[in-house]
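Participant: Data file target.txt (compact mmCIF, C-alpha atoms) is appended below.
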```
# COMPACT_ATOMS: atom_id res chain seq x y z
CA MET A 12 0.00 0.00 0.00
CA GLY A 13 1.22 3.50 -0.77
CA SER A 14 1.99 6.37 1.54
CA THR A 15 -0.86 8.74 0.71
CA ILE A 16 -4.09 9.09 2.67
CA VAL A 17 -7.08 9.79 0.41
CA ILE A 18 -9.87 11.78 2.08
CA ILE A 19 -13.38 12.07 0.65
CA PHE A 20 -15.78 14.74 1.91
CA ALA A 21 -19.48 13.93 1.50
CA LYS A 22 -22.86 14.86 2.92
CA ALA A 23 -25.28 12.16 3.99
CA PRO A 24 -27.70 11.50 1.08
CA VAL A 25 -30.78 12.92 2.81
CA PRO A 26 -33.58 13.98 0.42
CA GLY A 27 -34.19 17.72 0.55
CA VAL A 28 -30.83 18.35 2.24
CA VAL A 29 -28.22 17.14 -0.27
CA LYS A 30 -27.68 18.45 -3.83
CA THR A 31 -30.51 20.92 -3.35
CA ARG A 32 -29.69 22.87 -6.54
CA LEU A 33 -30.49 19.72 -8.53
CA ILE A 34 -33.93 19.28 -6.97
CA PRO A 35 -35.74 21.25 -9.74
CA ALA A 36 -34.51 18.64 -12.25
CA LEU A 37 -34.41 15.47 -10.15
CA GLY A 38 -36.71 16.03 -7.18
CA PRO A 39 -35.51 15.60 -3.59
CA ALA A 40 -35.30 11.80 -3.75
CA GLY A 41 -33.64 11.81 -7.16
CA ALA A 42 -31.04 14.34 -6.06
CA ALA A 43 -30.28 12.22 -2.99
CA ARG A 44 -29.95 9.07 -5.12
CA LEU A 45 -27.51 10.84 -7.42
CA ALA A 46 -25.52 12.09 -4.41
CA LEU A 47 -25.18 8.51 -3.19
CA ARG A 48 -24.15 7.30 -6.65
CA MET A 49 -21.49 9.99 -6.88
CA LEU A 50 -20.25 9.08 -3.41
CA GLU A 51 -19.93 5.44 -4.41
CA HIS A 52 -18.03 6.50 -7.53
CA ALA A 53 -15.59 8.64 -5.53
CA LEU A 54 -14.95 5.80 -3.09
CA GLN A 55 -14.34 3.37 -5.94
CA VAL A 56 -11.96 5.81 -7.64
CA ALA A 57 -10.01 6.26 -4.41
CA ALA A 58 -9.75 2.51 -3.93
CA ASP A 59 -8.75 1.93 -7.56
CA ALA A 60 -5.97 4.54 -7.31
CA GLY A 61 -4.20 2.29 -4.81
CA LEU A 62 -2.36 5.17 -3.12
CA GLY A 63 -3.08 4.31 0.50
CA PRO A 64 -5.83 4.31 3.13
CA VAL A 65 -9.17 5.85 2.15
CA GLN A 66 -11.18 7.93 4.62
CA LEU A 67 -14.80 9.04 4.15
CA HIS A 68 -15.50 12.18 6.17
CA GLY A 69 -19.25 12.54 6.48
CA ALA A 70 -21.44 15.52 7.31
CA PRO A 71 -23.25 16.36 9.48
CA ASP A 72 -21.81 13.22 11.13
CA ALA A 73 -20.60 9.76 10.17
CA GLU A 74 -23.57 7.83 11.53
CA HIS A 75 -25.90 7.85 8.53
CA PRO A 76 -26.39 4.20 7.41
CA ALA A 77 -25.74 5.04 3.75
CA LEU A 78 -22.36 6.58 4.59
CA GLN A 79 -21.43 3.65 6.80
CA ALA A 80 -22.46 1.10 4.17
CA ALA A 81 -20.72 2.87 1.29
CA ALA A 82 -17.50 3.16 3.28
CA ALA A 83 -17.65 -0.50 4.30
CA ARG A 84 -18.14 -1.66 0.71
CA ALA A 85 -15.07 0.32 -0.37
CA GLY A 86 -12.90 -0.67 2.58
CA ALA A 87 -12.77 2.94 3.78
CA THR A 88 -12.77 4.35 7.28
CA CYS A 89 -15.85 6.47 8.05
CA LEU A 90 -15.23 9.59 10.15
CA ALA A 91 -17.16 12.74 11.00
CA GLN A 92 -16.15 16.08 9.56
CA THR A 93 -15.11 18.60 12.20
CA SER A 94 -16.97 21.84 12.85
CA GLY A 95 -16.40 25.14 11.07
CA ASP A 96 -16.61 26.34 7.48
CA LEU A 97 -15.34 24.24 4.59
CA GLY A 98 -11.82 25.63 4.88
CA GLU A 99 -11.62 24.81 8.58
CA ARG A 100 -12.91 21.30 8.00
CA MET A 101 -10.46 20.71 5.16
CA ARG A 102 -7.56 22.05 7.22
CA SER A 103 -8.46 19.75 10.09
CA ALA A 104 -8.72 16.64 7.89
CA LEU A 105 -5.53 17.34 5.95
CA THR A 106 -3.55 18.21 9.07
CA ALA A 107 -4.55 14.99 10.81
CA ALA A 108 -3.69 12.96 7.71
CA LEU A 109 -0.30 14.59 7.18
CA ARG A 110 0.68 13.84 10.75
CA ARG A 111 0.33 10.18 9.85
CA SER A 112 1.40 10.12 6.21
CA PRO A 113 3.85 11.99 3.93
CA ARG A 114 1.05 13.02 1.56
CA ALA A 115 -2.71 13.50 1.62
CA LEU A 116 -5.33 14.07 -1.07
CA LEU A 117 -8.79 15.46 -0.40
CA LEU A 118 -11.69 15.36 -2.84
CA GLY A 119 -15.43 15.81 -2.94
CA THR A 120 -17.99 13.69 -4.73
CA ASP A 121 -19.38 16.13 -7.32
CA CYS A 122 -17.03 15.43 -10.23
CA PRO A 123 -17.82 12.25 -12.23
CA ALA A 124 -14.75 12.76 -14.48
CA LEU A 125 -12.38 12.60 -11.52
CA ASP A 126 -10.88 9.12 -11.89
CA ALA A 127 -8.06 7.03 -10.47
CA ASP A 128 -5.57 8.34 -13.03
CA VAL A 129 -6.22 11.92 -11.87
CA LEU A 130 -5.57 10.92 -8.26
CA ARG A 131 -2.34 9.21 -9.26
CA GLU A 132 -1.27 12.27 -11.27
CA ALA A 133 -1.89 14.56 -8.30
CA ASP A 134 0.04 12.24 -6.01
CA ALA A 135 2.92 12.02 -8.50
CA ALA A 136 3.16 15.83 -8.52
CA LEU A 137 3.60 15.79 -4.74
CA VAL A 138 6.19 13.02 -4.95
CA ALA A 139 8.06 15.09 -7.56
CA GLY A 140 8.34 18.03 -5.16
CA ALA A 141 5.18 20.15 -5.47
CA ASP A 142 3.97 21.36 -2.07
CA CYS A 143 0.38 20.96 -3.18
CA ALA A 144 -1.74 19.98 -6.16
CA PHE A 145 -5.19 21.02 -7.36
CA VAL A 146 -7.77 19.84 -9.87
CA PRO A 147 -9.57 23.04 -10.96
CA THR A 148 -13.25 23.02 -11.88
CA ALA A 149 -14.94 25.05 -14.60
CA ASP A 150 -16.95 27.04 -12.04
CA GLY A 151 -13.83 28.52 -10.43
CA GLY A 152 -13.41 26.03 -7.61
CA PHE A 153 -11.48 22.79 -7.32
CA ALA A 154 -12.47 19.14 -7.17
CA LEU A 155 -9.33 17.87 -5.45
CA THR A 156 -6.46 19.22 -3.45
CA GLY A 157 -3.39 17.48 -2.13
CA PHE A 158 -0.49 18.43 0.12
CA ARG A 159 2.78 16.94 1.19
CA ARG A 160 3.88 16.97 4.81
CA GLU A 161 6.54 19.63 4.20
CA ALA A 162 3.73 22.15 3.59
CA LEU A 163 1.80 21.21 6.73
CA THR A 164 2.43 24.47 8.57
CA ALA A 165 1.11 26.53 5.64
CA ILE A 166 -2.27 24.80 5.31
CA ASP A 167 -4.00 27.15 7.77
CA ALA A 168 -3.02 30.17 5.68
CA VAL A 169 -3.98 28.56 2.37
CA PHE A 170 -7.61 27.89 3.33
CA ALA A 171 -8.30 30.91 5.54
CA ASP A 172 -10.73 33.56 4.28
CA VAL A 173 -11.57 31.78 1.03
CA PRO A 174 -14.97 32.83 -0.43
CA TRP A 175 -16.39 29.31 -0.56
CA SER A 176 -19.22 28.51 -2.98
CA THR A 177 -18.22 31.34 -5.31
CA SER A 178 -16.36 31.55 -8.62
CA ALA A 179 -13.38 33.09 -6.78
CA VAL A 180 -12.46 30.00 -4.73
CA LEU A 181 -9.42 28.92 -6.74
CA SER A 182 -8.19 32.42 -7.56
CA SER A 183 -8.29 33.32 -3.86
CA THR A 184 -6.50 30.08 -2.99
CA ARG A 185 -3.79 30.88 -5.56
CA ASP A 186 -3.23 34.23 -3.88
CA HIS A 187 -2.76 32.47 -0.54
CA LEU A 188 -0.36 29.97 -2.09
CA LEU A 189 1.75 32.78 -3.50
CA ARG A 190 1.88 34.57 -0.16
CA ALA A 191 2.86 31.31 1.56
CA GLN A 192 5.59 30.82 -1.07
CA LEU A 193 4.37 27.32 -1.91
CA ARG A 194 4.95 25.48 -5.17
CA TRP A 195 1.82 23.94 -6.61
CA THR A 196 0.64 21.99 -9.63
CA GLU A 197 -2.73 22.40 -11.35
CA LEU A 198 -4.07 19.46 -13.32
CA ALA A 199 -6.61 19.57 -16.16
CA THR A 200 -9.85 21.44 -15.41
CA LEU A 201 -12.93 19.25 -14.83
CA VAL A 202 -16.63 19.94 -14.21
CA ASP A 203 -18.49 19.71 -10.92
CA VAL A 204 -22.16 18.70 -11.06
CA ASP A 205 -24.03 21.36 -9.09
CA GLN A 206 -26.72 22.77 -11.37
CA PRO A 207 -29.33 21.09 -13.62
CA ALA A 208 -27.36 22.15 -16.72
CA ASP A 209 -24.38 20.18 -15.37
CA LEU A 210 -26.29 16.91 -15.63
CA ILE A 211 -24.97 16.48 -19.17
CA HIS A 212 -21.69 15.51 -17.47
CA VAL A 213 -23.31 12.66 -15.51
CA PRO A 214 -23.39 9.17 -17.03
CA PRO A 215 -27.04 8.63 -18.05
CA GLU A 216 -27.19 5.32 -16.20
CA TRP A 217 -26.64 7.21 -12.93
CA LEU A 218 -29.96 8.99 -13.47
CA GLY A 219 -33.54 7.88 -13.86
CA PRO A 220 -34.56 6.97 -17.43
CA ALA A 221 -36.41 10.20 -18.19
CA VAL A 222 -33.84 12.54 -16.71
CA GLY A 223 -31.00 10.47 -18.16
CA ALA A 224 -32.38 10.88 -21.66
CA ARG A 225 -32.73 14.64 -21.21
CA ALA A 226 -29.26 14.99 -19.67
CA ALA A 227 -27.75 13.20 -22.67
CA ASP A 228 -29.10 16.01 -24.87
CA ALA A 229 -26.59 18.87 -24.67
CA THR A 230 -29.37 21.37 -25.45
CA TRP A 231 -31.19 20.60 -22.20
CA PRO A 232 -32.56 22.36 -20.24
```
Hey, can you dump this file as structure tokens for me?

Facilitator:
Amino acid sequence: MGSTIVIIFAKAPVPGVVKTRLIPALGPAGAARLALRMLEHALQVAADAGLGPVQLHGAPDAEHPALQAAAARAGATCLAQTSGDLGERMRSALTAALRRSPRALLLGTDCPALDADVLREADAALVAGADCAFVPTADGGFALTGFRREALTAIDAVFADVPWSTSAVLSSTRDHLLRAQLRWTELATLVDVDQPADLIHVPPEWLGPAVGARAADATWP
């Protein structure tokens, strides 16, 4: 087994609570089903990458049966996310991982195109000497970040005061990286699935038949 801890952040797939921006297209139950399918995909990708232990960090806690079952099927450890905003929770997870391992990757579950090869490429960048690595997303955020232990003390500064859930997430993070004098690598830009128009990037078989057919049509909605 490798020397990189892979962390996955996910919300429990509760209808009406998860993937709420997709509810107009999928309904509350459909959005929750897609959230679970994307979680299962992320866990499988992390396992297939073969980089090291996989951790599922659930929100609001780790007790939801779907989170527990998905983690067990993938051989992952299921933990609760800490309190605070996204940056604080990411800092906490990455810091704990880097105290145990030379490298750590952290990803969400919203990017179907994020595969095992991308995880390996990010890890290889860290092995080659980058302090951190990112997979940008088309909406101005990022789908994955990774750090090596040598950059541990700078993580607090990198994720402080980032305007989360805006198009300025990655640009703000770049500014922090420059101020911290860190070297980073950016991989190819991918697409997060957040809005109904993004469903064209979801494999049709992950959706119900009617929605899957519409999502396959690039002119929808």

Participant: Set the distance at 8 Å and use all atoms listed in the file: which residues neighbour Val173 of chain A once local chain neighbours fewer than 4 positions away are removed? I'd like the list as a PyMOL selection string.

Facilitator: chain A and resi 98+180+183-184

Participant: Which residue is closest to Leu47 of chain A? Choose from A:Leu125, A:Ala81, A:Asp205, A:Ala133 and count all atoms listed in the file.

Facilitator: A:Ala81

Participant: Taking 2 positions as the minimum chain separation for residues in the same chain, which residues sit within 9 Å of Phe153 of chain A when counting all atoms listed in the file? Answer as a PyMOL selection string.

Facilitator: chain A and resi 118+145-151+155-156+180-181+200-201+203

Participant: Name all residues at most 6 Å from His68 of chain A (count all atoms listed in the file; drop same-chain ones fewer than 6 positions away) and give them as a PyMOL selection string.

Facilitator: chain A and resi 19-20+90-92

Participant: Could you tell me which of A:Ala36, A:Ala179, A:Leu67, A:Ala85 comes closest to Pro207 of chain A if we count only C-alpha atoms?

Facilitator: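 Result for the nearest residue to Pro207 of chain A: A:Ala36.
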
Participant: Can you put N, CA, C and O atoms back into segment 14-40 of chain A and show it as a PDB file, keeping the file's coordinate frame?

Facilitator:
```
ATOM      1  N   SER A  14       1.775   5.518   0.375  1.00  0.00           N
ATOM      2  CA  SER A  14       1.990   6.370   1.540  1.00  0.00           C
ATOM      3  C   SER A  14       1.142   7.636   1.482  1.00  0.00           C
ATOM      4  O   SER A  14       1.531   8.667   2.021  1.00  0.00           O
ATOM      5  N   THR A  15       0.021   7.582   0.839  1.00  0.00           N
ATOM      6  CA  THR A  15      -0.860   8.740   0.710  1.00  0.00           C
ATOM      7  C   THR A  15      -2.230   8.409   1.270  1.00  0.00           C
ATOM      8  O   THR A  15      -2.827   7.398   0.898  1.00  0.00           O
ATOM      9  N   ILE A  16      -2.728   9.247   2.172  1.00  0.00           N
ATOM     10  CA  ILE A  16      -4.090   9.090   2.670  1.00  0.00           C
ATOM     11  C   ILE A  16      -5.035   9.837   1.733  1.00  0.00           C
ATOM     12  O   ILE A  16      -4.798  11.004   1.395  1.00  0.00           O
ATOM     13  N   VAL A  17      -6.088   9.175   1.296  1.00  0.00           N
ATOM     14  CA  VAL A  17      -7.080   9.790   0.410  1.00  0.00           C
ATOM     15  C   VAL A  17      -8.341  10.056   1.225  1.00  0.00           C
ATOM     16  O   VAL A  17      -8.940   9.141   1.782  1.00  0.00           O
ATOM     17  N   ILE A  18      -8.727  11.324   1.288  1.00  0.00           N
ATOM     18  CA  ILE A  18      -9.870  11.780   2.080  1.00  0.00           C
ATOM     19  C   ILE A  18     -10.997  12.179   1.137  1.00  0.00           C
ATOM     20  O   ILE A  18     -10.784  12.919   0.176  1.00  0.00           O
ATOM     21  N   ILE A  19     -12.201  11.694   1.428  1.00  0.00           N
ATOM     22  CA  ILE A  19     -13.380  12.070   0.650  1.00  0.00           C
ATOM     23  C   ILE A  19     -14.358  12.788   1.566  1.00  0.00           C
ATOM     24  O   ILE A  19     -14.723  12.274   2.623  1.00  0.00           O
ATOM     25  N   PHE A  20     -14.766  13.980   1.179  1.00  0.00           N
ATOM     26  CA  PHE A  20     -15.780  14.740   1.910  1.00  0.00           C
ATOM     27  C   PHE A  20     -17.138  14.493   1.250  1.00  0.00           C
ATOM     28  O   PHE A  20     -17.275  14.628   0.029  1.00  0.00           O
ATOM     29  N   ALA A  21     -18.143  14.169   2.053  1.00  0.00           N
ATOM     30  CA  ALA A  21     -19.480  13.930   1.500  1.00  0.00           C
ATOM     31  C   ALA A  21     -20.541  14.237   2.542  1.00  0.00           C
ATOM     32  O   ALA A  21     -20.333  14.022   3.745  1.00  0.00           O
ATOM     33  N   LYS A  22     -21.679  14.719   2.073  1.00  0.00           N
ATOM     34  CA  LYS A  22     -22.860  14.860   2.920  1.00  0.00           C
ATOM     35  C   LYS A  22     -23.660  13.566   2.895  1.00  0.00           C
ATOM     36  O   LYS A  22     -23.660  12.845   1.892  1.00  0.00           O
ATOM     37  N   ALA A  23     -24.359  13.288   3.984  1.00  0.00           N
ATOM     38  CA  ALA A  23     -25.280  12.160   3.990  1.00  0.00           C
ATOM     39  C   ALA A  23     -26.354  12.377   2.931  1.00  0.00           C
ATOM     40  O   ALA A  23     -26.847  13.499   2.760  1.00  0.00           O
ATOM     41  N   PRO A  24     -26.734  11.335   2.173  1.00  0.00           N
ATOM     42  CA  PRO A  24     -27.700  11.500   1.080  1.00  0.00           C
ATOM     43  C   PRO A  24     -29.143  11.591   1.589  1.00  0.00           C
ATOM     44  O   PRO A  24     -29.970  10.704   1.382  1.00  0.00           O
ATOM     45  N   VAL A  25     -29.448  12.693   2.232  1.00  0.00           N
ATOM     46  CA  VAL A  25     -30.780  12.920   2.810  1.00  0.00           C
ATOM     47  C   VAL A  25     -31.612  13.741   1.833  1.00  0.00           C
ATOM     48  O   VAL A  25     -31.228  14.867   1.484  1.00  0.00           O
ATOM     49  N   PRO A  26     -32.750  13.225   1.359  1.00  0.00           N
ATOM     50  CA  PRO A  26     -33.580  13.980   0.420  1.00  0.00           C
ATOM     51  C   PRO A  26     -33.976  15.347   0.985  1.00  0.00           C
ATOM     52  O   PRO A  26     -34.349  15.474   2.151  1.00  0.00           O
ATOM     53  N   GLY A  27     -33.845  16.369   0.138  1.00  0.00           N
ATOM     54  CA  GLY A  27     -34.190  17.720   0.550  1.00  0.00           C
ATOM     55  C   GLY A  27     -33.062  18.458   1.239  1.00  0.00           C
ATOM     56  O   GLY A  27     -33.173  19.661   1.486  1.00  0.00           O
ATOM     57  N   VAL A  28     -31.965  17.752   1.548  1.00  0.00           N
ATOM     58  CA  VAL A  28     -30.830  18.350   2.240  1.00  0.00           C
ATOM     59  C   VAL A  28     -29.582  18.352   1.357  1.00  0.00           C
ATOM     60  O   VAL A  28     -28.791  19.291   1.372  1.00  0.00           O
ATOM     61  N   VAL A  29     -29.418  17.296   0.559  1.00  0.00           N
ATOM     62  CA  VAL A  29     -28.220  17.140  -0.270  1.00  0.00           C
ATOM     63  C   VAL A  29     -28.537  17.480  -1.722  1.00  0.00           C
ATOM     64  O   VAL A  29     -29.649  17.255  -2.204  1.00  0.00           O
ATOM     65  N   LYS A  30     -27.560  18.076  -2.412  1.00  0.00           N
ATOM     66  CA  LYS A  30     -27.680  18.450  -3.830  1.00  0.00           C
ATOM     67  C   LYS A  30     -28.971  19.223  -4.102  1.00  0.00           C
ATOM     68  O   LYS A  30     -29.702  18.957  -5.065  1.00  0.00           O
ATOM     69  N   THR A  31     -29.238  20.208  -3.268  1.00  0.00           N
ATOM     70  CA  THR A  31     -30.510  20.920  -3.350  1.00  0.00           C
ATOM     71  C   THR A  31     -30.678  21.686  -4.667  1.00  0.00           C
ATOM     72  O   THR A  31     -31.810  21.890  -5.123  1.00  0.00           O
ATOM     73  N   ARG A  32     -29.564  22.125  -5.279  1.00  0.00           N
ATOM     74  CA  ARG A  32     -29.690  22.870  -6.540  1.00  0.00           C
ATOM     75  C   ARG A  32     -30.112  21.966  -7.698  1.00  0.00           C
ATOM     76  O   ARG A  32     -30.508  22.463  -8.753  1.00  0.00           O
ATOM     77  N   LEU A  33     -30.033  20.652  -7.497  1.00  0.00           N
ATOM     78  CA  LEU A  33     -30.490  19.720  -8.530  1.00  0.00           C
ATOM     79  C   LEU A  33     -31.937  19.283  -8.340  1.00  0.00           C
ATOM     80  O   LEU A  33     -32.496  18.586  -9.195  1.00  0.00           O
ATOM     81  N   ILE A  34     -32.556  19.709  -7.252  1.00  0.00           N
ATOM     82  CA  ILE A  34     -33.930  19.280  -6.970  1.00  0.00           C
ATOM     83  C   ILE A  34     -34.914  19.702  -8.059  1.00  0.00           C
ATOM     84  O   ILE A  34     -35.817  18.925  -8.405  1.00  0.00           O
ATOM     85  N   PRO A  35     -34.789  20.908  -8.660  1.00  0.00           N
ATOM     86  CA  PRO A  35     -35.740  21.250  -9.740  1.00  0.00           C
ATOM     87  C   PRO A  35     -35.726  20.255 -10.891  1.00  0.00           C
ATOM     88  O   PRO A  35     -36.745  20.065 -11.562  1.00  0.00           O
ATOM     89  N   ALA A  36     -34.597  19.611 -11.148  1.00  0.00           N
ATOM     90  CA  ALA A  36     -34.510  18.640 -12.250  1.00  0.00           C
ATOM     91  C   ALA A  36     -34.782  17.221 -11.794  1.00  0.00           C
ATOM     92  O   ALA A  36     -35.386  16.434 -12.534  1.00  0.00           O
ATOM     93  N   LEU A  37     -34.367  16.868 -10.573  1.00  0.00           N
ATOM     94  CA  LEU A  37     -34.410  15.470 -10.150  1.00  0.00           C
ATOM     95  C   LEU A  37     -35.408  15.180  -9.037  1.00  0.00           C
ATOM     96  O   LEU A  37     -35.725  14.016  -8.789  1.00  0.00           O
ATOM     97  N   GLY A  38     -35.899  16.234  -8.368  1.00  0.00           N
ATOM     98  CA  GLY A  38     -36.710  16.030  -7.180  1.00  0.00           C
ATOM     99  C   GLY A  38     -35.818  15.710  -5.991  1.00  0.00           C
ATOM    100  O   GLY A  38     -34.652  15.327  -6.156  1.00  0.00           O
ATOM    101  N   PRO A  39     -36.335  15.850  -4.774  1.00  0.00           N
ATOM    102  CA  PRO A  39     -35.510  15.600  -3.590  1.00  0.00           C
ATOM    103  C   PRO A  39     -34.943  14.185  -3.528  1.00  0.00           C
ATOM    104  O   PRO A  39     -33.754  13.992  -3.237  1.00  0.00           O
ATOM    105  N   ALA A  40     -35.767  13.185  -3.818  1.00  0.00           N
ATOM    106  CA  ALA A  40     -35.300  11.800  -3.750  1.00  0.00           C
ATOM    107  C   ALA A  40     -34.295  11.507  -4.862  1.00  0.00           C
ATOM    108  O   ALA A  40     -33.282  10.829  -4.641  1.00  0.00           O
TER     109      ALA A  40
END
```
